[in-house]
Amino acid sequence: MIRINRLIFFVFLLLSCSTLDAQIVPIKASGIVARSIAVFTPAGFDRSETPSLILKHKFQITAPVPKGWKLRPQFSLNDEKASAVFDLKGEISLYGGGEVTGPLLRNGQSIELWNTDNGAYGTDNGKRLYQTHPWVLGVRKDGTAFGIIFDSSWKAVLITNSDKIEYSSEGALFKVYVIDRRSPQEVLKGLAELTGTMEMPPLWALGYHQCRFSYGSEEKVRSIASTFREKKIPCDAIWMDIDYMEGFRVFTFNKKNFPDPKTLNDDLHKQGFKTVYMIDPGVKVDSGYSVYRSGTANDVWVKQPNGKEYHGKVWPGDCAFPDFTMPRTRNWWSGLYKNFMQTGIDGIWNDMNEPAVNDNELPADHRLGTMPYTTPHRGGGDLPAGPHLLYHNAYGRLMVEASREGIIAADPEKRPFVLTRANLLGGQRFAATWTGDNLADPRFMKLSVPMSLTLGLSGQPFSGPDIGGFLENTSGELWAQWIGFGTFLPFARGHACAGTNDKEPWAFGSAIERTSRIALERRYRLLPYLYTLFYNSYKTGLPVMSPVFFDDPGDMRLRSEDQAFLLGNKLLVVPAYAKDPALPKGVWENLSLVEGDRSDAYQAKLFIKGGSIIPAGKVVQSTTEDLLAPLTLFVCLDAKGKASGELYWDAGQSWAYKKGDHSLLKFEAIKKGKTVKIIVSSRTGNYKIEKDLKALQAVVIDKRMTYRGSGDLKNGISVVTR
Ligand code: GLC
C-alpha cells in the first residue's frame with residue numbers, strides 16, 4: 001500500500017513538474033564590456049555547462065549598464081532548458097540568424113539552430129541549415145540599431161517576431177550580449193569586437209572557382225583547366241571533391257585516378273590555377289588505414305556513453321569521428337595536413353562537418369542525421385565535457401579551427417584558405433563558407449542574395465552559393481541568370497552534383513559561354529575594389545556585400561530589399577531578374593566594366609554612387625597575372641563635383657601585410673571648371689605598389705558621359721570633361 005502511495009506521489013510529481021510554467025531567472029550580473037555593449041548573466045549561470053564558443057576572448061565588465069538602457073533580456077528555465085526573451089517596442093526591422101533560407105527581413109520568422117545537412121533545404125525542415133548563428137540585428141525606424149548575441153551553442157530555436165525576440169535552448173543558462181549603437185554598421189563593428197573578424201584571405205580566393213562532384217581523374221581536371229585558358233574565361237581555382245581520395249579515406253589520393261597529385265598541382269600552378277581539396281571529418285574505420293590507426297593510438301575518437309567508439313556512416317561507410325572538443329584531437333588533426341599540403345595543395349574544403357551521418361537505414365522517426373544527442377564529448381583546456389546536444393553546433397567550427405592551424409603550420413608563410421559547410425557565429429575567424437546543397441531552380445538562385453546578405457549581417461563576410469545550383473540539371477537560361485550576378489558575390493564558385501549535367505561556363509553553348517566570360521571578366525576587373533572591401537571587412541567586421549538599406553538606414557523603403565545589393569558602399573548590383581527593386585536615392589550612374597556588359601541581358605546592372613571612386617584592374621585570366629596593368633579609377637562625382645575612394649593592395653599571399661607591408665591609397669577627385677583632378681590624398685603602408693602598378697588611368701562618369709585620362713600616383717590625373 002505504502003509502495004502504491006509512493007508511486008502515485010511520484011507520478012503526480014512528474015506530471016506537475018512537466019506542466020510547471022517556466023521559472024523566471026533573475027539577472028545576477030550585468031555591465032558594459034565595451035562601447036555600447038552590455039552583457040547580462042542570469043543567476044545560476046555556470047560556464048562549465050554553457051562554455052562560450054562564440055566570443056573571441058573573455059570580456060571584463062568595466063562599468064554598470066546605464067539606467068536608460070532599454071534592451072534587457074528576461075531569462076527563464078523550463079525543465080532545465082534555458083530561454084531568453086526580449087520585448088520590442090516600436091517599428092523594428094529584424095535581420096540576422098546567419099545561414100537562413102527565406103527573406104532578408106526576418107520579422108515573423110523562426111529558425112532551428114541545429115546544424116543540419118539539409119540538401120535542397122527540404123520543405124519540412126527548411127528552417128535548419130548547416131550553421132548556427134544565435135544573433136539578431138534590429139534596425140529601428142530612425143536608423144539606430146541593436147544586436148543581440150545569445151552566447152550558447154546548445155540546440156535552440158530563435159523566433160524573431162516584430163514585438164518579441166525569443167531564443168529557447170535545450171540546454172543550460174547562457175549569457176546575452178546586447179550592442180546598442182547609432183547605425184547597423186556600428187552594431188556590426190560591435191559584433192566584430194566580440195567575435196573577431198575574418199582574416200585577410202589570399203587574393204586568389206577572390207577569383208572564380210570551378211568545382212564539380214567530382215572531376216574524377218587527373219585527366220579530367222587538366223582538361224577543365226586547359227579549357228578555361230583556351231576559351232579565355234578567367235578562373236583561379238579548380239576543386240577536388242571526394243573522388244580524388246582512395247575509397248573516400250581522408251588525406252589519401254586515389255592511386256588509379258590521382259596517382260601523382262604533386263605533379264598535377266605543380267602543372268596547374270604553371271597555368272595560373274590554385275587547387276582546393278576536400279577533407280571531411282569522418283575517418284573510415286579500417287585498421288589498415290594510417291589515419292584511423294593514428295587516431296586510435298592518440299585516443300581522439302568520439303565515444304558512446306558506454307565507452308565504445310561511436311561509428312556513423314558517411315561516404316566511406318562506417319566512420320569514426322574526431323572529438324574536436326579535445327585539444328589533443330585538434331593538435332592531431334592539424335598535424336595531418338603537413339604531408340598532405342606538401343603535395344602543393346593551396347586550399348582546403350571541410351564538408352559534412354555538422355557532422356552529417358547517414359542513418360537512413362533507421363525508421364524515419366528515429367533518424368537524427370548526426371550523432372545521438374547524449375553522445376559525450378570529452379572537452380579539455382577551456383572546454384568542459386558535455387553532450388552532443390551542447391557541442392553539435394560547434395563541431396564544424398572546432399574542426400575548421402584545427403584545419404586552419406594545421407594548414408598554417410604546414411606553410412607558415414602563406415595565408416590559408418578554408419571553406420566550411422558547418423560553422424557557428426564567430427566562425428568567420430577560421431573559414432569562408434558557401435550555402436550548401438542548393439537546387440538548380442530559379443527560387444534558389446534568388447535565395448542566393450538574401451542568404452549571403454544575412455551571413456554578412458551575421459559576421460560572415462565571405463560566402464556565396466553554388467552558382468548554377470548544385471542538385472539537378474541546370475538549364476542554360478538559369479546558368480546565365482545566375483552567373484550574371486553570382487559573379488559579384490563575395491565567394492564565386494560554380495559547382496554541380498554527381499549525375500547532373502556539365503555546368504562549366506562553356507557547357508551551355510556559345511552564346512551563354514560569352515555571357516559567362518563577360519560576367520567573370522567583370523569580377524576580375526573589380527578585384528582591386530573587392531580586395532579593398534575584404535581588407536575593410538578584416539579591419540572592421542563590416543560585410544563585403546551589404547543590403548541596400550545600408551546606404552540609408554533611415555529609409556524604410558529599403559528595409560526589405562533583397563534582390564539588389566551593395567558591394568561596399570559605392571557599388572550597387574541589380575541582378576537581371578530583379579523586378580521593381582527598391583533602390584537608394586541620390587546619384588547612381590551606370591558602370592560599364594567590359595565590352596558587352598551593358599548589352600547582354602543576363603548581366604546584372606552596376607551603378608556607381610555619386611561621390612565615389614572605384615579602383616578596377618585589368619581583365620586577367622587569373623590573379624597570378626598583373627592585375628594593376630593598368631589600375632583604372634572609375635570616378636562618379638557628387639552634386640558638389642567631388643568624389644573619394646581607396647585601394648588596398650599587398651603581395652597577395654603572405655602575412656607581411658600584418659607588419660605594415662601593404663599599401664593603402666586614398667584618392668580624391670574634384671571638379672574645377674571642366675577639369676576633374678584626381679589625386680592620391682594619402683598613402684600608408686610599406687608595400688611598394690609601384691612594383692605592380694604598371695599604369696594609372698581614370699574614367700570620369702559625369703552626367704552619363706564618360707571621359708578618360710591617365711597619369712601617375714605622384715602627379716595624379718587630370719580629366720577634361722565637356
Ligand atoms: C556534400 C557537399 C557537396 C559535395 C558533396 C560530395 O553534399 O555539400 O558540395 O559536392 O557532399 O562531397
# chains A, B, ... in the order shown; residues from 1 in each chain; ligands from 1
>>> residues_around(residues="Ala656 (chain A)", least_positions_apart="4", cutoff="12 Å", atoms="only C-alpha atoms", output="ChimeraX atom specification")
/A:200,202,412-415,649-652,660-663,685-687
>>> residues_near_ligand(ligand="ligand 1", cutoff="10 Å", atoms="only C-alpha atoms and all ligand atoms", output="JSON, numbers by chain")
{"A": [117, 118, 119, 130, 211, 212, 213, 214, 239, 240, 241, 242, 243, 248, 278, 279, 280, 314, 315, 349, 350, 351, 352, 353, 356, 420, 421, 422, 434, 435, 436, 437, 438, 466, 470, 471, 495, 496, 497, 498]}
>>> residues_around(residues="His269 (chain A)", least_positions_apart="5", cutoff="10 Å", atoms="only C-alpha atoms", output="list in words")
Asp236, Ala237, Thr263, Leu264, Lys274, Thr275, Gly344, Ile345, Asp346 and Thr624 of chain A
>>> closest_residue(among="A:Pro51, A:Pro575, A:Pro259, A:Gly138", to="Asn107 (chain A)", atoms="only C-alpha atoms")
A:Gly138
>>> closest_atom_pairs(of="region 312-427 of chain A", to="region 170-173 of chain A", cutoff="12 Å", atoms="only C-alpha atoms", output="JSON lines")
{"residue": "A:Tyr373", "atom": "CA", "partner": "A:Glu170", "partner_atom": "CA", "distance": 10.8}
{"residue": "A:Gly386", "atom": "CA", "partner": "A:Gly171", "partner_atom": "CA", "distance": 10.6}
{"residue": "A:Pro387", "atom": "CA", "partner": "A:Gly171", "partner_atom": "CA", "distance": 10.0}
{"residue": "A:His388", "atom": "CA", "partner": "A:Gly171", "partner_atom": "CA", "distance": 11.0}
{"residue": "A:Leu389", "atom": "CA", "partner": "A:Gly171", "partner_atom": "CA", "distance": 7.8}
{"residue": "A:Leu390", "atom": "CA", "partner": "A:Gly171", "partner_atom": "CA", "distance": 7.1}
{"residue": "A:Tyr391", "atom": "CA", "partner": "A:Gly171", "partner_atom": "CA", "distance": 10.8}
>>> write_last_selection(atoms="N, CA and C atoms", output="PDB file, in the first residue's frame")
ATOM      1  N   TYR A 373      22.049  12.577 -29.352  1.00  0.00           N
ATOM      2  CA  TYR A 373      22.248  13.800 -28.556  1.00  0.00           C
ATOM      3  C   TYR A 373      23.053  13.580 -27.281  1.00  0.00           C
ATOM      4  N   GLY A 386      30.873  17.565 -22.222  1.00  0.00           N
ATOM      5  CA  GLY A 386      29.444  17.848 -22.410  1.00  0.00           C
ATOM      6  C   GLY A 386      28.874  16.972 -23.495  1.00  0.00           C
ATOM      7  N   PRO A 387      27.536  16.906 -23.552  1.00  0.00           N
ATOM      8  CA  PRO A 387      26.890  16.028 -24.529  1.00  0.00           C
ATOM      9  C   PRO A 387      26.874  16.629 -25.940  1.00  0.00           C
ATOM     10  N   HIS A 388      26.531  15.793 -26.892  1.00  0.00           N
ATOM     11  CA  HIS A 388      26.469  16.259 -28.278  1.00  0.00           C
ATOM     12  C   HIS A 388      25.453  17.402 -28.437  1.00  0.00           C
ATOM     13  N   LEU A 389      24.406  17.386 -27.627  1.00  0.00           N
ATOM     14  CA  LEU A 389      23.405  18.454 -27.681  1.00  0.00           C
ATOM     15  C   LEU A 389      24.041  19.832 -27.460  1.00  0.00           C
ATOM     16  N   LEU A 390      25.095  19.872 -26.693  1.00  0.00           N
ATOM     17  CA  LEU A 390      25.827  21.120 -26.462  1.00  0.00           C
ATOM     18  C   LEU A 390      26.831  21.399 -27.582  1.00  0.00           C
ATOM     19  N   TYR A 391      27.543  20.348 -28.011  1.00  0.00           N
ATOM     20  CA  TYR A 391      28.684  20.591 -28.892  1.00  0.00           C
ATOM     21  C   TYR A 391      28.396  20.424 -30.379  1.00  0.00           C
TER      22      TYR A 391
END
>>> residues_around(residues="Glu646 (chain A)", least_positions_apart="6", cutoff="8 Å", atoms="only C-alpha atoms", output="PyMOL selection string")
chain A and resi 532+613-615+664-667
>>> residues_around(residues="Glu218 (chain A)", least_positions_apart="2", cutoff="6 Å", atoms="only C-alpha atoms", output="ChimeraX atom specification")
/A:220-221,258
>>> residues_around(residues="region 335-341 of chain A", least_positions_apart="3", cutoff="9 Å", atoms="only C-alpha atoms", output="VMD selection string")
chain A and resid 251 to 252 291 330 to 332 344 to 347 403 405 to 407 409 to 411
>>> write_last_selection(atoms="C-alpha atoms", output="PDB file, in the first residue's frame")
ATOM      1  CA  PHE A 251      44.190  12.531 -46.509  1.00  0.00           C
ATOM      2  CA  THR A 252      44.736   9.868 -49.205  1.00  0.00           C
ATOM      3  CA  VAL A 291      44.761   7.951 -40.271  1.00  0.00           C
ATOM      4  CA  ARG A 330      42.769  19.334 -32.619  1.00  0.00           C
ATOM      5  CA  ASN A 331      46.556  19.035 -32.490  1.00  0.00           C
ATOM      6  CA  TRP A 332      46.454  15.608 -34.041  1.00  0.00           C
ATOM      7  CA  GLY A 344      51.190  21.595 -53.443  1.00  0.00           C
ATOM      8  CA  ILE A 345      47.575  21.918 -52.324  1.00  0.00           C
ATOM      9  CA  ASP A 346      46.504  25.546 -51.905  1.00  0.00           C
ATOM     10  CA  GLY A 347      43.203  25.408 -50.077  1.00  0.00           C
ATOM     11  CA  SER A 403      42.260  22.631 -40.001  1.00  0.00           C
ATOM     12  CA  GLU A 405      46.054  25.812 -37.736  1.00  0.00           C
ATOM     13  CA  GLY A 406      47.329  22.722 -39.493  1.00  0.00           C
ATOM     14  CA  ILE A 407      47.429  24.467 -42.859  1.00  0.00           C
ATOM     15  CA  ALA A 409      51.764  25.120 -39.650  1.00  0.00           C
ATOM     16  CA  ALA A 410      52.337  23.277 -42.936  1.00  0.00           C
ATOM     17  CA  ASP A 411      53.301  26.541 -44.642  1.00  0.00           C
TER      18      ASP A 411
END
>>> select_by_dssp(residues="region 226-381 of chain A", states="alpha helix (DSSP H)", output="NGL selection string")
:A and (226-230 or 261-270 or 290-297 or 327-341)
>>> residues_around(residues="region 633-644 of chain A", least_positions_apart="3", cutoff="10 Å", atoms="only C-alpha atoms", output="JSON, numbers by chain")
{"A": [529, 570, 586, 587, 588, 589, 590, 591, 592, 593, 607, 608, 609, 610, 611, 612, 613, 614, 615, 616, 617, 630, 647, 666, 667, 668, 669, 670, 671, 672, 673, 676, 677, 678, 679, 680, 681, 696, 697, 698, 699, 700, 701, 702, 703, 704, 706, 707, 708, 709, 710, 717]}
>>> select_by_dssp(residues="region 6-238 of chain A", states="strand (DSSP E or B)", output="ChimeraX atom specification")
/A:23-25,27-34,37-42,63,74-78,81-87,92-96,109-113,131-132,135-140,145-151,156-161,164-169,175-181,208-210,237-238
>>> closest_residue(among="A:Ile61, A:Ala225, A:Leu453, A:Leu203", to="Glu625 (chain A)", atoms="only C-alpha atoms")
A:Leu203
>>> closest_residue(among="A:Glu361, A:Glu246, A:Asp46, A:Asp299", to="Pro316 (chain A)", atoms="only C-alpha atoms")
A:Glu246
>>> closest_residue(among="A:Thr343, A:Arg222, A:Tyr289, A:Glu199", to="Tyr657 (chain A)", atoms="only C-alpha atoms")
A:Glu199
>>> decode(residues="region 410-437 of chain A", atoms="N, CA, C and O atoms", output="PDB file, in the first residue's frame")
ATOM      1  N   ALA A 410      51.710  23.947 -41.787  1.00  0.00           N
ATOM      2  CA  ALA A 410      52.337  23.277 -42.936  1.00  0.00           C
ATOM      3  C   ALA A 410      53.082  24.279 -43.815  1.00  0.00           C
ATOM      4  O   ALA A 410      54.085  23.943 -44.445  1.00  0.00           O
ATOM      5  N   ASP A 411      52.594  25.502 -43.880  1.00  0.00           N
ATOM      6  CA  ASP A 411      53.301  26.541 -44.642  1.00  0.00           C
ATOM      7  C   ASP A 411      53.080  27.893 -43.951  1.00  0.00           C
ATOM      8  O   ASP A 411      52.166  28.647 -44.295  1.00  0.00           O
ATOM      9  N   PRO A 412      53.938  28.184 -42.967  1.00  0.00           N
ATOM     10  CA  PRO A 412      53.712  29.380 -42.136  1.00  0.00           C
ATOM     11  C   PRO A 412      53.786  30.689 -42.913  1.00  0.00           C
ATOM     12  O   PRO A 412      53.340  31.715 -42.416  1.00  0.00           O
ATOM     13  N   GLU A 413      54.308  30.649 -44.135  1.00  0.00           N
ATOM     14  CA  GLU A 413      54.437  31.895 -44.904  1.00  0.00           C
ATOM     15  C   GLU A 413      53.123  32.321 -45.565  1.00  0.00           C
ATOM     16  O   GLU A 413      52.974  33.462 -45.978  1.00  0.00           O
ATOM     17  N   LYS A 414      52.225  31.375 -45.719  1.00  0.00           N
ATOM     18  CA  LYS A 414      51.041  31.680 -46.547  1.00  0.00           C
ATOM     19  C   LYS A 414      49.770  31.833 -45.739  1.00  0.00           C
ATOM     20  O   LYS A 414      49.540  31.099 -44.792  1.00  0.00           O
ATOM     21  N   ARG A 415      48.901  32.748 -46.193  1.00  0.00           N
ATOM     22  CA  ARG A 415      47.561  32.854 -45.623  1.00  0.00           C
ATOM     23  C   ARG A 415      46.755  31.654 -46.100  1.00  0.00           C
ATOM     24  O   ARG A 415      46.764  31.348 -47.282  1.00  0.00           O
ATOM     25  N   PRO A 416      46.068  30.992 -45.186  1.00  0.00           N
ATOM     26  CA  PRO A 416      45.319  29.799 -45.602  1.00  0.00           C
ATOM     27  C   PRO A 416      43.980  30.160 -46.247  1.00  0.00           C
ATOM     28  O   PRO A 416      43.466  31.250 -46.039  1.00  0.00           O
ATOM     29  N   PHE A 417      43.444  29.223 -46.996  1.00  0.00           N
ATOM     30  CA  PHE A 417      42.057  29.340 -47.431  1.00  0.00           C
ATOM     31  C   PHE A 417      41.325  28.060 -47.038  1.00  0.00           C
ATOM     32  O   PHE A 417      41.719  26.963 -47.431  1.00  0.00           O
ATOM     33  N   VAL A 418      40.295  28.214 -46.225  1.00  0.00           N
ATOM     34  CA  VAL A 418      39.470  27.072 -45.813  1.00  0.00           C
ATOM     35  C   VAL A 418      38.020  27.422 -46.104  1.00  0.00           C
ATOM     36  O   VAL A 418      37.566  28.519 -45.786  1.00  0.00           O
ATOM     37  N   LEU A 419      37.314  26.498 -46.717  1.00  0.00           N
ATOM     38  CA  LEU A 419      35.868  26.654 -46.908  1.00  0.00           C
ATOM     39  C   LEU A 419      35.182  25.601 -46.047  1.00  0.00           C
ATOM     40  O   LEU A 419      35.599  24.450 -46.026  1.00  0.00           O
ATOM     41  N   THR A 420      34.167  26.011 -45.328  1.00  0.00           N
ATOM     42  CA  THR A 420      33.465  25.054 -44.472  1.00  0.00           C
ATOM     43  C   THR A 420      31.970  25.083 -44.735  1.00  0.00           C
ATOM     44  O   THR A 420      31.421  26.103 -45.125  1.00  0.00           O
ATOM     45  N   ARG A 421      31.325  23.932 -44.505  1.00  0.00           N
ATOM     46  CA  ARG A 421      29.868  23.913 -44.643  1.00  0.00           C
ATOM     47  C   ARG A 421      29.195  24.225 -43.306  1.00  0.00           C
ATOM     48  O   ARG A 421      28.236  24.968 -43.253  1.00  0.00           O
ATOM     49  N   ALA A 422      29.709  23.638 -42.221  1.00  0.00           N
ATOM     50  CA  ALA A 422      29.110  23.915 -40.910  1.00  0.00           C
ATOM     51  C   ALA A 422      29.947  24.956 -40.186  1.00  0.00           C
ATOM     52  O   ALA A 422      31.172  25.023 -40.373  1.00  0.00           O
ATOM     53  N   ASN A 423      29.278  25.754 -39.366  1.00  0.00           N
ATOM     54  CA  ASN A 423      30.023  26.721 -38.575  1.00  0.00           C
ATOM     55  C   ASN A 423      29.113  27.278 -37.491  1.00  0.00           C
ATOM     56  O   ASN A 423      27.933  26.925 -37.402  1.00  0.00           O
ATOM     57  N   LEU A 424      29.699  28.126 -36.680  1.00  0.00           N
ATOM     58  CA  LEU A 424      28.999  28.752 -35.560  1.00  0.00           C
ATOM     59  C   LEU A 424      29.291  30.243 -35.614  1.00  0.00           C
ATOM     60  O   LEU A 424      30.359  30.645 -36.114  1.00  0.00           O
ATOM     61  N   LEU A 425      28.398  31.062 -35.094  1.00  0.00           N
ATOM     62  CA  LEU A 425      28.636  32.507 -35.006  1.00  0.00           C
ATOM     63  C   LEU A 425      30.067  32.759 -34.505  1.00  0.00           C
ATOM     64  O   LEU A 425      30.497  32.144 -33.529  1.00  0.00           O
ATOM     65  N   GLY A 426      30.787  33.624 -35.163  1.00  0.00           N
ATOM     66  CA  GLY A 426      32.189  33.880 -34.800  1.00  0.00           C
ATOM     67  C   GLY A 426      33.151  33.062 -35.649  1.00  0.00           C
ATOM     68  O   GLY A 426      34.351  33.329 -35.685  1.00  0.00           O
ATOM     69  N   GLY A 427      32.607  32.063 -36.362  1.00  0.00           N
ATOM     70  CA  GLY A 427      33.447  31.143 -37.134  1.00  0.00           C
ATOM     71  C   GLY A 427      34.090  31.762 -38.360  1.00  0.00           C
ATOM     72  O   GLY A 427      34.923  31.134 -39.010  1.00  0.00           O
ATOM     73  N   GLN A 428      33.724  33.039 -38.664  1.00  0.00           N
ATOM     74  CA  GLN A 428      34.397  33.734 -39.770  1.00  0.00           C
ATOM     75  C   GLN A 428      35.892  33.859 -39.504  1.00  0.00           C
ATOM     76  O   GLN A 428      36.671  34.084 -40.420  1.00  0.00           O
ATOM     77  N   ARG A 429      36.296  33.719 -38.246  1.00  0.00           N
ATOM     78  CA  ARG A 429      37.731  33.794 -37.916  1.00  0.00           C
ATOM     79  C   ARG A 429      38.509  32.641 -38.544  1.00  0.00           C
ATOM     80  O   ARG A 429      39.716  32.713 -38.688  1.00  0.00           O
ATOM     81  N   PHE A 430      37.807  31.552 -38.871  1.00  0.00           N
ATOM     82  CA  PHE A 430      38.512  30.344 -39.298  1.00  0.00           C
ATOM     83  C   PHE A 430      38.275  29.943 -40.744  1.00  0.00           C
ATOM     84  O   PHE A 430      39.120  29.295 -41.339  1.00  0.00           O
ATOM     85  N   ALA A 431      37.119  30.269 -41.290  1.00  0.00           N
ATOM     86  CA  ALA A 431      36.823  29.755 -42.631  1.00  0.00           C
ATOM     87  C   ALA A 431      35.766  30.586 -43.344  1.00  0.00           C
ATOM     88  O   ALA A 431      34.916  31.204 -42.707  1.00  0.00           O
ATOM     89  N   ALA A 432      35.843  30.541 -44.668  1.00  0.00           N
ATOM     90  CA  ALA A 432      34.791  31.092 -45.522  1.00  0.00           C
ATOM     91  C   ALA A 432      33.688  30.034 -45.629  1.00  0.00           C
ATOM     92  O   ALA A 432      33.857  28.903 -45.163  1.00  0.00           O
ATOM     93  N   THR A 433      32.584  30.392 -46.287  1.00  0.00           N
ATOM     94  CA  THR A 433      31.516  29.404 -46.373  1.00  0.00           C
ATOM     95  C   THR A 433      30.738  29.512 -47.674  1.00  0.00           C
ATOM     96  O   THR A 433      30.833  30.510 -48.388  1.00  0.00           O
ATOM     97  N   TRP A 434      30.003  28.450 -47.975  1.00  0.00           N
ATOM     98  CA  TRP A 434      29.031  28.519 -49.070  1.00  0.00           C
ATOM     99  C   TRP A 434      27.709  27.986 -48.545  1.00  0.00           C
ATOM    100  O   TRP A 434      27.665  27.412 -47.458  1.00  0.00           O
ATOM    101  N   THR A 435      26.662  28.197 -49.307  1.00  0.00           N
ATOM    102  CA  THR A 435      25.342  27.958 -48.737  1.00  0.00           C
ATOM    103  C   THR A 435      24.814  26.541 -48.999  1.00  0.00           C
ATOM    104  O   THR A 435      23.598  26.329 -49.076  1.00  0.00           O
ATOM    105  N   GLY A 436      25.734  25.589 -49.133  1.00  0.00           N
ATOM    106  CA  GLY A 436      25.354  24.183 -49.149  1.00  0.00           C
ATOM    107  C   GLY A 436      24.663  23.732 -50.421  1.00  0.00           C
ATOM    108  O   GLY A 436      24.764  24.367 -51.470  1.00  0.00           O
ATOM    109  N   ASP A 437      23.936  22.620 -50.290  1.00  0.00           N
ATOM    110  CA  ASP A 437      23.414  21.921 -51.468  1.00  0.00           C
ATOM    111  C   ASP A 437      22.108  22.544 -51.948  1.00  0.00           C
ATOM    112  O   ASP A 437      21.013  22.042 -51.670  1.00  0.00           O
TER     113      ASP A 437
END
